[in-house]
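Next comes work-v9.cif, with mmCIF, C-alpha atoms.
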data_structure
loop_
_atom_site.label_atom_id
_atom_site.label_comp_id
_atom_site.auth_asym_id
_atom_site.auth_seq_id
_atom_site.Cartn_x
_atom_site.Cartn_y
_atom_site.Cartn_z
CA MET L 1 28.71 7.22 -7.93
CA ALA L 2 28.26 4.53 -5.28
CA THR L 3 25.02 2.62 -5.05
CA ASP L 4 22.84 3.01 -1.94
CA LEU L 5 21.48 -0.35 -0.75
CA SER L 6 18.92 1.39 1.46
CA LYS L 7 17.08 2.41 -1.71
CA TYR L 8 16.81 -1.11 -3.13
CA LYS L 9 13.37 -2.70 -3.43
CA PHE L 10 12.20 -6.28 -3.91
CA ASN L 11 10.03 -5.23 -6.81
CA HIS L 12 8.45 -8.31 -8.34
CA SER L 13 8.30 -12.05 -8.90
CA MET L 14 7.81 -13.36 -12.43
CA LEU L 15 5.56 -16.29 -13.30
CA ARG L 16 5.01 -17.67 -16.79
CA VAL L 17 1.35 -18.30 -17.57
CA LYS L 18 -0.50 -20.30 -20.19
CA ASP L 19 -3.57 -18.09 -20.65
CA PRO L 20 -3.13 -14.44 -19.64
CA LYS L 21 -6.86 -13.71 -19.63
CA ALA L 22 -7.52 -16.44 -17.06
CA SER L 23 -4.49 -15.53 -14.95
CA VAL L 24 -5.12 -11.78 -14.93
CA LYS L 25 -8.76 -12.46 -14.00
CA PHE L 26 -7.65 -14.60 -11.05
CA TYR L 27 -5.21 -12.07 -9.63
CA GLU L 28 -7.68 -9.24 -10.20
CA PHE L 29 -10.21 -11.30 -8.22
CA LEU L 30 -7.65 -11.24 -5.41
CA GLY L 31 -7.78 -7.45 -5.60
CA MET L 32 -4.73 -6.78 -7.72
CA LYS L 33 -4.66 -4.38 -10.65
CA VAL L 34 -2.67 -4.38 -13.90
CA ILE L 35 -0.47 -1.34 -13.27
CA ASN L 36 1.69 -1.86 -16.35
CA LYS L 37 1.70 -3.96 -19.50
CA MET L 38 4.63 -4.39 -21.86
CA GLU L 39 3.77 -5.79 -25.27
CA ASN L 40 6.55 -7.37 -27.32
CA PRO L 41 4.93 -8.59 -30.55
CA ASP L 42 8.28 -8.86 -32.35
CA SER L 43 9.49 -11.35 -29.74
CA LYS L 44 5.99 -12.81 -29.30
CA PHE L 45 5.53 -12.26 -25.58
CA ASP L 46 3.71 -9.83 -23.28
CA LEU L 47 4.35 -8.89 -19.65
CA TYR L 48 1.59 -8.01 -17.19
CA PHE L 49 2.54 -6.32 -13.91
CA LEU L 50 -0.08 -6.62 -11.16
CA ALA L 51 -0.06 -4.99 -7.74
CA TYR L 52 -2.34 -3.77 -5.00
CA ASP L 53 -3.17 -0.18 -5.86
CA SER L 54 -6.19 0.92 -3.83
CA PRO L 55 -5.91 4.28 -2.00
CA ASN L 56 -4.90 2.28 1.09
CA ALA L 57 -2.21 0.25 -0.70
CA LEU L 58 1.39 0.71 0.43
CA SER L 59 2.54 1.76 -3.05
CA HIS L 60 -0.62 3.41 -4.36
CA GLY L 61 0.03 5.52 -7.43
CA LYS L 62 3.78 4.95 -7.53
CA HIS L 63 5.76 4.13 -10.67
CA TRP L 64 5.91 0.37 -11.16
CA THR L 65 9.68 0.30 -10.58
CA ASP L 66 9.26 2.15 -7.27
CA ARG L 67 7.11 -0.54 -5.64
CA GLN L 68 7.36 -3.81 -3.78
CA GLY L 69 4.92 -6.70 -3.96
CA ILE L 70 4.35 -6.90 -7.74
CA ILE L 71 3.58 -10.11 -9.60
CA GLU L 72 4.75 -10.16 -13.21
CA LEU L 73 2.92 -12.57 -15.51
CA THR L 74 4.77 -13.53 -18.69
CA HIS L 75 2.74 -14.83 -21.63
CA ASN L 76 4.45 -16.35 -24.65
CA TYR L 77 2.12 -16.12 -27.63
CA GLY L 78 0.29 -19.31 -28.55
CA THR L 79 0.54 -21.18 -25.26
CA GLU L 80 -3.14 -20.52 -24.52
CA SER L 81 -4.17 -22.60 -27.55
CA ASP L 82 -1.58 -25.37 -27.12
CA PRO L 83 -3.20 -28.38 -25.41
CA GLU L 84 0.24 -29.83 -24.61
CA TYR L 85 1.60 -26.73 -22.89
CA LYS L 86 1.77 -26.97 -19.10
CA ILE L 87 3.50 -24.83 -16.52
CA ALA L 88 5.83 -26.36 -13.90
CA ASN L 89 4.57 -24.90 -10.62
CA GLY L 90 7.76 -25.68 -8.68
CA ASN L 91 6.14 -28.01 -6.16
CA SER L 92 6.28 -31.38 -7.92
CA ASP L 93 9.33 -33.64 -8.07
CA PRO L 94 11.71 -33.62 -9.85
CA TYR L 95 11.06 -29.94 -10.59
CA ARG L 96 10.76 -28.48 -7.11
CA GLY L 97 12.26 -25.06 -6.45
CA PHE L 98 9.89 -22.10 -6.43
CA GLY L 99 7.22 -22.62 -3.80
CA HIS L 100 4.55 -19.93 -3.77
CA VAL L 101 3.53 -16.32 -3.57
CA CYS L 102 1.65 -15.22 -0.47
CA ILE L 103 -1.09 -12.67 0.10
CA SER L 104 -2.26 -11.45 3.49
CA VAL L 105 -5.93 -10.67 4.05
CA ASP L 106 -8.22 -9.04 6.59
CA ASN L 107 -10.45 -12.08 7.25
CA ILE L 108 -9.06 -15.38 6.07
CA GLN L 109 -12.30 -17.34 6.44
CA ALA L 110 -14.24 -14.88 4.33
CA ALA L 111 -11.40 -14.54 1.81
CA CYS L 112 -11.23 -18.31 1.31
CA ALA L 113 -15.01 -18.66 1.12
CA ARG L 114 -15.10 -15.94 -1.53
CA LEU L 115 -12.51 -17.79 -3.62
CA GLU L 116 -14.32 -21.09 -3.29
CA ASP L 117 -17.69 -19.55 -4.15
CA ALA L 118 -16.10 -18.18 -7.35
CA GLY L 119 -15.04 -21.69 -8.35
CA TYR L 120 -11.33 -21.39 -7.67
CA ARG L 121 -9.43 -24.44 -6.44
CA PHE L 122 -7.32 -25.05 -3.35
CA GLN L 123 -4.16 -26.99 -2.65
CA LYS L 124 -4.97 -26.72 1.06
CA ARG L 125 -8.12 -25.38 2.67
CA LEU L 126 -8.14 -23.90 6.16
CA ALA L 127 -9.63 -27.07 7.61
CA ASP L 128 -7.05 -29.35 5.97
CA GLY L 129 -4.00 -30.65 7.81
CA ARG L 130 -2.67 -29.37 11.11
CA MET L 131 -2.21 -25.67 10.27
CA HIS L 132 -5.70 -24.14 10.35
CA HIS L 133 -4.44 -20.56 10.13
CA ILE L 134 -3.20 -20.71 6.52
CA ALA L 135 -4.58 -21.86 3.19
CA PHE L 136 -3.17 -22.38 -0.29
CA ALA L 137 -5.27 -21.45 -3.30
CA LEU L 138 -4.35 -22.55 -6.82
CA ASP L 139 -4.17 -20.09 -9.68
CA PRO L 140 -5.12 -21.19 -13.23
CA ASP L 141 -1.62 -22.65 -13.79
CA ASP L 142 -1.57 -24.46 -10.43
CA TYR L 143 0.88 -22.03 -8.85
CA TRP L 144 0.34 -22.05 -5.10
CA VAL L 145 -0.93 -18.82 -3.52
CA GLU L 146 -0.60 -18.88 0.24
CA ILE L 147 -3.25 -16.96 2.17
CA ILE L 148 -2.51 -15.64 5.65
CA SER L 149 -4.36 -13.21 7.89
CA PHE L 150 -3.17 -9.96 9.40
CA ASN L 151 -5.85 -10.32 12.04
CA SER L 152 -6.28 -13.07 14.64
CA VAL L 153 -7.66 -16.31 13.24
CA ASP L 154 -10.54 -17.98 15.07
CA ALA L 155 -11.75 -21.10 13.25
CA THR L 156 -15.01 -21.05 15.23
CA ALA L 157 -15.82 -17.41 14.54
CA GLU L 158 -18.63 -16.42 12.24
CA ILE L 159 -17.44 -15.69 8.72
CA LYS L 160 -17.41 -11.97 8.08
CA GLU L 161 -17.01 -9.96 4.93
CA THR L 162 -13.62 -9.43 3.36
CA ARG L 163 -12.32 -6.31 1.63
CA VAL L 164 -9.88 -7.04 -1.19
CA GLU L 165 -8.80 -3.39 -1.06
CA SER L 166 -6.99 -4.19 2.19
CA TYR L 167 -4.99 -7.17 0.89
CA ARG L 168 -1.18 -7.21 0.60
CA MET L 169 1.29 -9.21 -1.53
CA HIS L 170 3.32 -10.39 1.43
CA HIS L 171 6.11 -12.68 0.21
CA THR L 172 7.56 -15.03 -2.38
CA MET L 173 8.97 -18.40 -1.32
CA ILE L 174 11.85 -20.28 -2.94
CA ARG L 175 13.58 -23.43 -1.66
CA VAL L 176 17.32 -23.28 -1.09
CA LYS L 177 19.91 -26.06 -0.81
CA ASP L 178 22.36 -24.46 1.64
CA GLN L 179 20.81 -21.96 4.02
CA GLU L 180 24.13 -20.46 5.10
CA LYS L 181 25.23 -19.70 1.54
CA SER L 182 21.82 -18.30 0.59
CA LEU L 183 21.49 -16.13 3.67
CA ALA L 184 24.98 -14.74 3.14
CA PHE L 185 24.23 -14.01 -0.51
CA TYR L 186 20.94 -12.21 0.06
CA LYS L 187 22.33 -10.22 3.00
CA ASP L 188 25.88 -9.42 1.91
CA VAL L 189 25.44 -9.25 -1.86
CA MET L 190 21.81 -8.22 -2.37
CA GLY L 191 21.71 -6.00 0.72
CA MET L 192 18.62 -7.55 2.29
CA THR L 193 17.94 -7.71 6.02
CA HIS L 194 17.29 -11.04 7.76
CA LYS L 195 13.96 -10.20 9.37
CA HIS L 196 12.69 -13.42 10.92
CA THR L 197 13.32 -17.16 11.24
CA LEU L 198 10.78 -19.89 11.84
CA GLU L 199 12.40 -23.18 12.90
CA ASN L 200 10.52 -26.45 12.58
CA ALA L 201 12.91 -29.09 13.86
CA ALA L 202 10.18 -31.72 14.12
CA ALA L 203 9.46 -31.45 10.39
CA LYS L 204 13.15 -30.79 9.60
CA PHE L 205 12.85 -27.45 7.83
CA ASN L 206 13.43 -23.78 8.57
CA LEU L 207 11.93 -20.66 7.02
CA TYR L 208 13.97 -17.48 6.69
CA PHE L 209 12.31 -14.16 5.85
CA LEU L 210 14.37 -11.38 4.28
CA GLY L 211 13.61 -7.98 2.81
CA TYR L 212 14.78 -4.40 2.54
CA GLY L 213 14.59 -2.04 5.49
CA ALA L 214 15.19 -2.54 9.19
CA ALA L 215 14.47 -5.80 10.98
CA PRO L 216 11.17 -5.62 12.88
CA THR L 217 10.83 -6.20 16.60
CA GLY L 218 8.37 -8.84 17.71
CA GLY L 219 8.01 -10.75 14.46
CA ILE L 220 6.89 -9.90 10.96
CA ASP L 221 3.82 -7.77 10.32
CA ALA L 222 1.52 -9.60 7.92
CA ARG L 223 0.70 -6.25 6.31
CA THR L 224 4.29 -6.01 5.06
CA GLU L 225 5.07 -6.34 1.36
CA GLY L 226 8.30 -7.22 -0.40
CA LEU L 227 9.53 -10.18 1.63
CA LEU L 228 11.51 -13.16 0.36
CA GLU L 229 11.01 -16.47 2.15
CA LEU L 230 13.82 -19.02 1.89
CA THR L 231 12.80 -22.59 2.77
CA TRP L 232 15.62 -24.92 3.81
CA ASN L 233 14.99 -28.64 4.27
CA TYR L 234 17.58 -30.14 6.61
CA GLY L 235 20.36 -32.10 4.98
CA THR L 236 20.11 -30.89 1.39
CA GLU L 237 23.35 -28.98 1.80
CA LYS L 238 25.21 -32.25 2.44
CA ASP L 239 24.04 -33.95 -0.77
CA VAL L 240 26.51 -33.06 -3.54
CA ASP L 241 24.06 -34.19 -6.22
CA PHE L 242 21.07 -32.28 -4.87
CA LYS L 243 19.77 -29.41 -7.00
CA TYR L 244 16.59 -27.36 -7.14
CA HIS L 245 14.84 -26.54 -10.41
CA ASP L 246 15.29 -22.84 -11.22
CA GLY L 247 12.08 -22.57 -13.27
CA ASN L 248 13.91 -21.51 -16.43
CA ALA L 249 15.13 -24.92 -17.55
CA GLU L 250 12.44 -27.08 -19.13
CA PRO L 251 9.74 -27.50 -17.99
CA GLN L 252 9.47 -23.79 -17.30
CA GLY L 253 7.35 -21.88 -14.79
CA PHE L 254 8.71 -19.39 -12.26
CA GLY L 255 11.18 -17.08 -13.98
CA HIS L 256 12.87 -14.71 -11.54
CA ILE L 257 12.63 -12.23 -8.74
CA CYS L 258 13.49 -8.58 -9.45
CA VAL L 259 15.27 -5.96 -7.39
CA THR L 260 15.10 -2.31 -8.43
CA VAL L 261 18.07 -0.12 -7.57
CA ASP L 262 19.00 3.54 -7.27
CA ASP L 263 21.78 3.45 -9.89
CA LEU L 264 21.82 0.48 -12.24
CA ASP L 265 25.40 0.91 -13.47
CA ALA L 266 26.80 1.42 -9.97
CA ALA L 267 24.82 -1.54 -8.62
CA CYS L 268 26.11 -3.84 -11.36
CA THR L 269 29.67 -2.64 -10.74
CA ARG L 270 29.24 -3.53 -7.07
CA PHE L 271 27.88 -6.99 -7.96
CA GLU L 272 30.85 -7.54 -10.27
CA GLU L 273 33.27 -6.57 -7.50
CA ARG L 274 31.66 -9.19 -5.27
CA GLY L 275 32.20 -11.89 -7.85
CA VAL L 276 28.57 -12.76 -8.49
CA GLY L 277 27.53 -15.25 -11.11
CA TRP L 278 25.83 -13.56 -14.05
CA LYS L 279 23.05 -14.81 -16.25
CA LYS L 280 23.23 -11.56 -18.21
CA ARG L 281 25.39 -8.48 -17.76
CA LEU L 282 24.12 -5.04 -18.78
CA THR L 283 26.44 -5.06 -21.78
CA GLU L 284 25.19 -8.41 -23.10
CA GLY L 285 22.33 -8.99 -25.51
CA ARG L 286 19.93 -6.41 -26.89
CA MET L 287 18.48 -5.21 -23.58
CA LYS L 288 21.07 -2.83 -22.16
CA ASP L 289 18.83 -1.72 -19.27
CA VAL L 290 18.36 -5.10 -17.61
CA ALA L 291 20.84 -7.42 -15.88
CA PHE L 292 20.38 -10.84 -14.28
CA VAL L 293 22.40 -12.09 -11.30
CA LEU L 294 22.41 -15.75 -10.23
CA ASP L 295 21.89 -16.74 -6.61
CA PRO L 296 23.62 -19.80 -5.05
CA ASP L 297 20.85 -22.12 -6.33
CA GLY L 298 20.87 -20.68 -9.84
CA TYR L 299 17.66 -18.67 -9.41
CA TRP L 300 17.63 -15.57 -11.61
CA ILE L 301 17.52 -12.11 -10.00
CA GLU L 302 16.64 -9.31 -12.40
CA ILE L 303 18.25 -5.94 -11.69
CA VAL L 304 16.37 -2.87 -12.97
CA GLN L 305 16.63 0.88 -12.49
CA ASN L 306 14.12 2.50 -10.14
CA GLU L 307 12.75 5.11 -12.53
CA ALA L 308 11.38 7.25 -9.70
CA ILE L 309 14.94 7.85 -8.50
CA ARG L 310 16.62 8.25 -11.88
CA SER L 311 15.08 8.00 -15.33
CA ARG L 312 16.91 5.55 -17.58
CA THR L 313 14.50 3.78 -19.93
CA GLY L 314 11.33 5.85 -19.77
CA TRP L 315 9.32 2.77 -18.79
#

Could you spell out this file's structure in structure tokens?
Amino acid sequence: MATDLSKYKFNHSMLRVKDPKASVKFYEFLGMKVINKMENPDSKFDLYFLAYDSPNALSHGKHWTDRQGIIELTHNYGTESDPEYKIANGNSDPYRGFGHVCISVDNIQAACARLEDAGYRFQKRLADGRMHHIAFALDPDDYWVEIISFNSVDATAEIKETRVESYRMHHTMIRVKDQEKSLAFYKDVMGMTHKHTLENAAAKFNLYFLGYGAAPTGGIDARTEGLLELTWNYGTEKDVDFKYHDGNAEPQGFGHICVTVDDLDAACTRFEERGVGWKKRLTEGRMKDVAFVLDPDGYWIEIVQNEAIRSRTGW
């Protein structure tokens, strides 16, 4: 059976965390809900899958493998009590690579004020810098969480209330060395659609937004979920020694993105035919229901069966 790329979904982004209680509390404050938890006491780690799941959410009530816009938090037992343990957030040299996750909100002023009133920290407030339409909050491990608005932003307007039930998990950003190689990989191999480009020649970087489904007309809707943002800084492709940190080499932080597919065996056969680099084939290791493909920068892409289409693991 052939695999159908139209049924693929950008399911989740995995972040390692030091203290799961603090991290889950933060993302729940942003309106997310733990929709699945996988405990692995034998291997001494747990996985927490968080997503927007209000009645108005795009994937409300769906099986966790049949969604987009999930954040997976990975906790390795004991890190919460280790004073020396620290996550690499992907934004500090020499370990830059992963950039941020991004949520979109109904009223960005109120959303940011709510976070600040709760004692949460910011990498960039709305008033900071030149871009007054976006902010970056910090989660308990200093991962950056971009905040954008799906309504018009008026810095002089009176702050209104915000409803976390309306929020979306919009995109995940990773930095790439060679934009042409990465765009070709995510389009031709992973089956994503190039949905939008933001060029910033003055600052010498471009942003490319990709995801599953048709390309939109008139720009990206901030209410969308399941987008991948590739950030390319001009000139990195010409430096033979340049390399981004994949988050899985020490010091660790970001782990992978995950795509769920209609037929796991057929999808992996297709990847093999296209000569992808593998971190783990289905036949390797103990987990025979999970594969990991490598993108041109060495980022891991987990491949998992969409259980709503075909039951494989019973997850």

Discussion item. For the PyMOL selection byres ((chain L and resi 51-59) around 7), applied here, can you spell out every residue it catches as a VMD selection string?
Written reply: chain L and resid 31 to 35 49 to 50 60 to 62 67 69 to 71 165 to 166 168

Item to complete: Excluding segment 179-184 of chain L and any residue of its chain fewer than 4 positions from it, enumerate the residues within 8 Å of it, using only C-alpha atoms, and give them as a ChimeraX atom specification.
Response: /L:188-189,194,230,232,237,295-297

Worksheet item: If we count only C-alpha atoms, what is near Ala88 of chain L at a cut-off of 10 Å, once residues fewer than 6 positions away on the same chain are taken out, given as a PyMOL selection string?
Response: chain L and resi 16-17+95-98+141-143+245+247-248+250-254

Generate the output file for the selected residues, C-alpha atoms, as a PDB file, keeping the file's coordinate frame.
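Result saved to again_9.pdb:
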ATOM      1  CA  ARG L  16       5.010 -17.670 -16.790  1.00  0.00           C
ATOM      2  CA  VAL L  17       1.350 -18.300 -17.570  1.00  0.00           C
ATOM      3  CA  TYR L  95      11.060 -29.940 -10.590  1.00  0.00           C
ATOM      4  CA  ARG L  96      10.760 -28.480  -7.110  1.00  0.00           C
ATOM      5  CA  GLY L  97      12.260 -25.060  -6.450  1.00  0.00           C
ATOM      6  CA  PHE L  98       9.890 -22.100  -6.430  1.00  0.00           C
ATOM      7  CA  ASP L 141      -1.620 -22.650 -13.790  1.00  0.00           C
ATOM      8  CA  ASP L 142      -1.570 -24.460 -10.430  1.00  0.00           C
ATOM      9  CA  TYR L 143       0.880 -22.030  -8.850  1.00  0.00           C
ATOM     10  CA  HIS L 245      14.840 -26.540 -10.410  1.00  0.00           C
ATOM     11  CA  GLY L 247      12.080 -22.570 -13.270  1.00  0.00           C
ATOM     12  CA  ASN L 248      13.910 -21.510 -16.430  1.00  0.00           C
ATOM     13  CA  GLU L 250      12.440 -27.080 -19.130  1.00  0.00           C
ATOM     14  CA  PRO L 251       9.740 -27.500 -17.990  1.00  0.00           C
ATOM     15  CA  GLN L 252       9.470 -23.790 -17.300  1.00  0.00           C
ATOM     16  CA  GLY L 253       7.350 -21.880 -14.790  1.00  0.00           C
ATOM     17  CA  PHE L 254       8.710 -19.390 -12.260  1.00  0.00           C
TER      18      PHE L 254
END

Discussion item. On this structure, the PyMOL selection byres ((chain L and resi 192) around 10) would catch which residues? List them as number ranges by chain, sorted by chain and number.
Written reply: L: 5-6, 8-10, 183-191, 193-195, 209-215, 227-228

Fill in: Two-atom distance - atom CA of Leu30 of chain L, atom CA of Thr79 of chain L (Å)
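Taking atom CA of Leu30 of chain L as the start and atom CA of Thr79 of chain L as the end point, the length is 23.7 Å.
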
Discussion item. I'd like the residues picked by the PyMOL selection byres ((chain L and resi 36-43) around 10) written out as a count of residues only, using the chain letters and numbers from the file.
Written reply: 20

Worksheet entry | Separation of atom CA of Ser104 of chain L from atom CA of Asp178 of chain L in Å |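 So the answer is 27.9 Å.
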
Fill in: Glu158 of chain L environment, 10 Å, all atoms listed in the file, sequence neighbours closer than 3 positions dropped, as a VMD selection string
chain L and resid 109 to 110 154 to 155 161

Item to complete: Kindly indicate which residue among L:Leu282, L:Cys258, L:Met169, L:Leu294 lies nearest to Gly226 of chain L, using all atoms listed in the file for the distances.
Response: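 For Gly226 of chain L, the nearest of the given residues is L:Met169.
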
Fill in: Polymer residues at most 12 Å from Val153 of chain L, all atoms listed in the file, same-chain spacing of 3 or more positions, as a PyMOL selection string
chain L and resi 105-110+126+131-135+147-150+156-160

Suppose we keep C-alpha atoms; can you now write the selection as a PDB file, keeping the file's coordinate frame?
ATOM      1  CA  VAL L 105      -5.930 -10.670   4.050  1.00  0.00           C
ATOM      2  CA  ASP L 106      -8.220  -9.040   6.590  1.00  0.00           C
ATOM      3  CA  ASN L 107     -10.450 -12.080   7.250  1.00  0.00           C
ATOM      4  CA  ILE L 108      -9.060 -15.380   6.070  1.00  0.00           C
ATOM      5  CA  GLN L 109     -12.300 -17.340   6.440  1.00  0.00           C
ATOM      6  CA  ALA L 110     -14.240 -14.880   4.330  1.00  0.00           C
ATOM      7  CA  LEU L 126      -8.140 -23.900   6.160  1.00  0.00           C
ATOM      8  CA  MET L 131      -2.210 -25.670  10.270  1.00  0.00           C
ATOM      9  CA  HIS L 132      -5.700 -24.140  10.350  1.00  0.00           C
ATOM     10  CA  HIS L 133      -4.440 -20.560  10.130  1.00  0.00           C
ATOM     11  CA  ILE L 134      -3.200 -20.710   6.520  1.00  0.00           C
ATOM     12  CA  ALA L 135      -4.580 -21.860   3.190  1.00  0.00           C
ATOM     13  CA  ILE L 147      -3.250 -16.960   2.170  1.00  0.00           C
ATOM     14  CA  ILE L 148      -2.510 -15.640   5.650  1.00  0.00           C
ATOM     15  CA  SER L 149      -4.360 -13.210   7.890  1.00  0.00           C
ATOM     16  CA  PHE L 150      -3.170  -9.960   9.400  1.00  0.00           C
ATOM     17  CA  THR L 156     -15.010 -21.050  15.230  1.00  0.00           C
ATOM     18  CA  ALA L 157     -15.820 -17.410  14.540  1.00  0.00           C
ATOM     19  CA  GLU L 158     -18.630 -16.420  12.240  1.00  0.00           C
ATOM     20  CA  ILE L 159     -17.440 -15.690   8.720  1.00  0.00           C
ATOM     21  CA  LYS L 160     -17.410 -11.970   8.080  1.00  0.00           C
TER      22      LYS L 160
END

Discussion item. Can you measure atom CA of Asn200 of chain L to atom CA of Asn91 of chain L for me? One decimal in Å is fine.
Written reply: 19.3 Å

Fill in: Neighbour list for Ala267 of chain L as a list in words, cut-off 10 Å, all atoms listed in the file, skip fewer than 3 positions in-chain
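So the residues in contact are Met1, Ala2, Thr3, Asp4, Leu5, Tyr8, Met190, Thr260, Val261, Asp262, Asp263, Leu264, Arg270, Phe271, Glu272, Glu273, Ile303, Val304 and Gln305 of chain L.
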
Worksheet, complete the sentence: The residue from L:His100, L:Lys177, L:Arg223, L:Arg274 with the smallest atom-to-atom distance to Asp139 of chain L, counting only C-alpha atoms, is L:His100

Response to the item:
Of L:Pro83, L:Gly78, L:Pro140, L:Gly129, the one sitting nearest Ser23 of chain L when using only C-alpha atoms is L:Pro140

Could you please fill out segment 87-94 of chain L with all heavy atoms and send it back as an mmCIF file, in the coordinates of the input?
data_model
loop_
_atom_site.group_PDB
_atom_site.id
_atom_site.type_symbol
_atom_site.label_atom_id
_atom_site.label_comp_id
_atom_site.auth_asym_id
_atom_site.auth_seq_id
_atom_site.Cartn_x
_atom_site.Cartn_y
_atom_site.Cartn_z
ATOM 1 N N ILE L 87 2.549 -25.512 -17.376
ATOM 2 C CA ILE L 87 3.500 -24.830 -16.520
ATOM 3 C C ILE L 87 4.011 -25.783 -15.429
ATOM 4 O O ILE L 87 3.248 -26.587 -14.892
ATOM 5 C CB ILE L 87 2.825 -23.611 -15.852
ATOM 6 C CG1 ILE L 87 2.480 -22.539 -16.900
ATOM 7 C CG2 ILE L 87 3.679 -23.030 -14.739
ATOM 8 C CD1 ILE L 87 3.662 -21.843 -17.510
ATOM 9 N N ALA L 88 5.288 -25.674 -15.079
ATOM 10 C CA ALA L 88 5.830 -26.360 -13.900
ATOM 11 C C ALA L 88 5.670 -25.423 -12.710
ATOM 12 O O ALA L 88 6.245 -24.333 -12.695
ATOM 13 C CB ALA L 88 7.299 -26.703 -14.115
ATOM 14 N N ASN L 89 4.885 -25.827 -11.716
ATOM 15 C CA ASN L 89 4.570 -24.900 -10.620
ATOM 16 C C ASN L 89 5.621 -24.872 -9.526
ATOM 17 O O ASN L 89 5.504 -24.109 -8.568
ATOM 18 C CB ASN L 89 3.188 -25.207 -10.034
ATOM 19 C CG ASN L 89 3.149 -26.498 -9.221
ATOM 20 O OD1 ASN L 89 4.155 -27.179 -9.047
ATOM 21 N ND2 ASN L 89 1.981 -26.846 -8.725
ATOM 22 N N GLY L 90 6.656 -25.700 -9.633
ATOM 23 C CA GLY L 90 7.760 -25.680 -8.680
ATOM 24 C C GLY L 90 7.563 -26.530 -7.451
ATOM 25 O O GLY L 90 8.449 -26.586 -6.588
ATOM 26 N N ASN L 91 6.433 -27.238 -7.371
ATOM 27 C CA ASN L 91 6.140 -28.010 -6.160
ATOM 28 C C ASN L 91 6.021 -29.511 -6.396
ATOM 29 O O ASN L 91 5.636 -30.249 -5.488
ATOM 30 C CB ASN L 91 4.847 -27.487 -5.523
ATOM 31 C CG ASN L 91 5.040 -26.121 -4.908
ATOM 32 O OD1 ASN L 91 5.845 -25.938 -4.006
ATOM 33 N ND2 ASN L 91 4.322 -25.125 -5.431
ATOM 34 N N SER L 92 6.350 -29.951 -7.600
ATOM 35 C CA SER L 92 6.280 -31.380 -7.920
ATOM 36 C C SER L 92 7.664 -31.888 -8.295
ATOM 37 O O SER L 92 8.367 -31.265 -9.092
ATOM 38 C CB SER L 92 5.306 -31.624 -9.083
ATOM 39 O OG SER L 92 4.003 -31.204 -8.747
ATOM 40 N N ASP L 93 8.056 -33.015 -7.706
ATOM 41 C CA ASP L 93 9.330 -33.640 -8.070
ATOM 42 C C ASP L 93 9.277 -34.136 -9.502
ATOM 43 O O ASP L 93 8.231 -34.614 -9.940
ATOM 44 C CB ASP L 93 9.631 -34.801 -7.127
ATOM 45 C CG ASP L 93 10.052 -34.310 -5.736
ATOM 46 O OD1 ASP L 93 10.706 -33.247 -5.664
ATOM 47 O OD2 ASP L 93 9.727 -34.987 -4.751
ATOM 48 N N PRO L 94 10.369 -34.060 -10.261
ATOM 49 C CA PRO L 94 11.710 -33.620 -9.850
ATOM 50 C C PRO L 94 11.971 -32.142 -10.131
ATOM 51 O O PRO L 94 13.112 -31.747 -10.301
ATOM 52 C CB PRO L 94 12.614 -34.493 -10.734
ATOM 53 C CG PRO L 94 11.840 -34.602 -12.019
ATOM 54 C CD PRO L 94 10.384 -34.643 -11.623
#
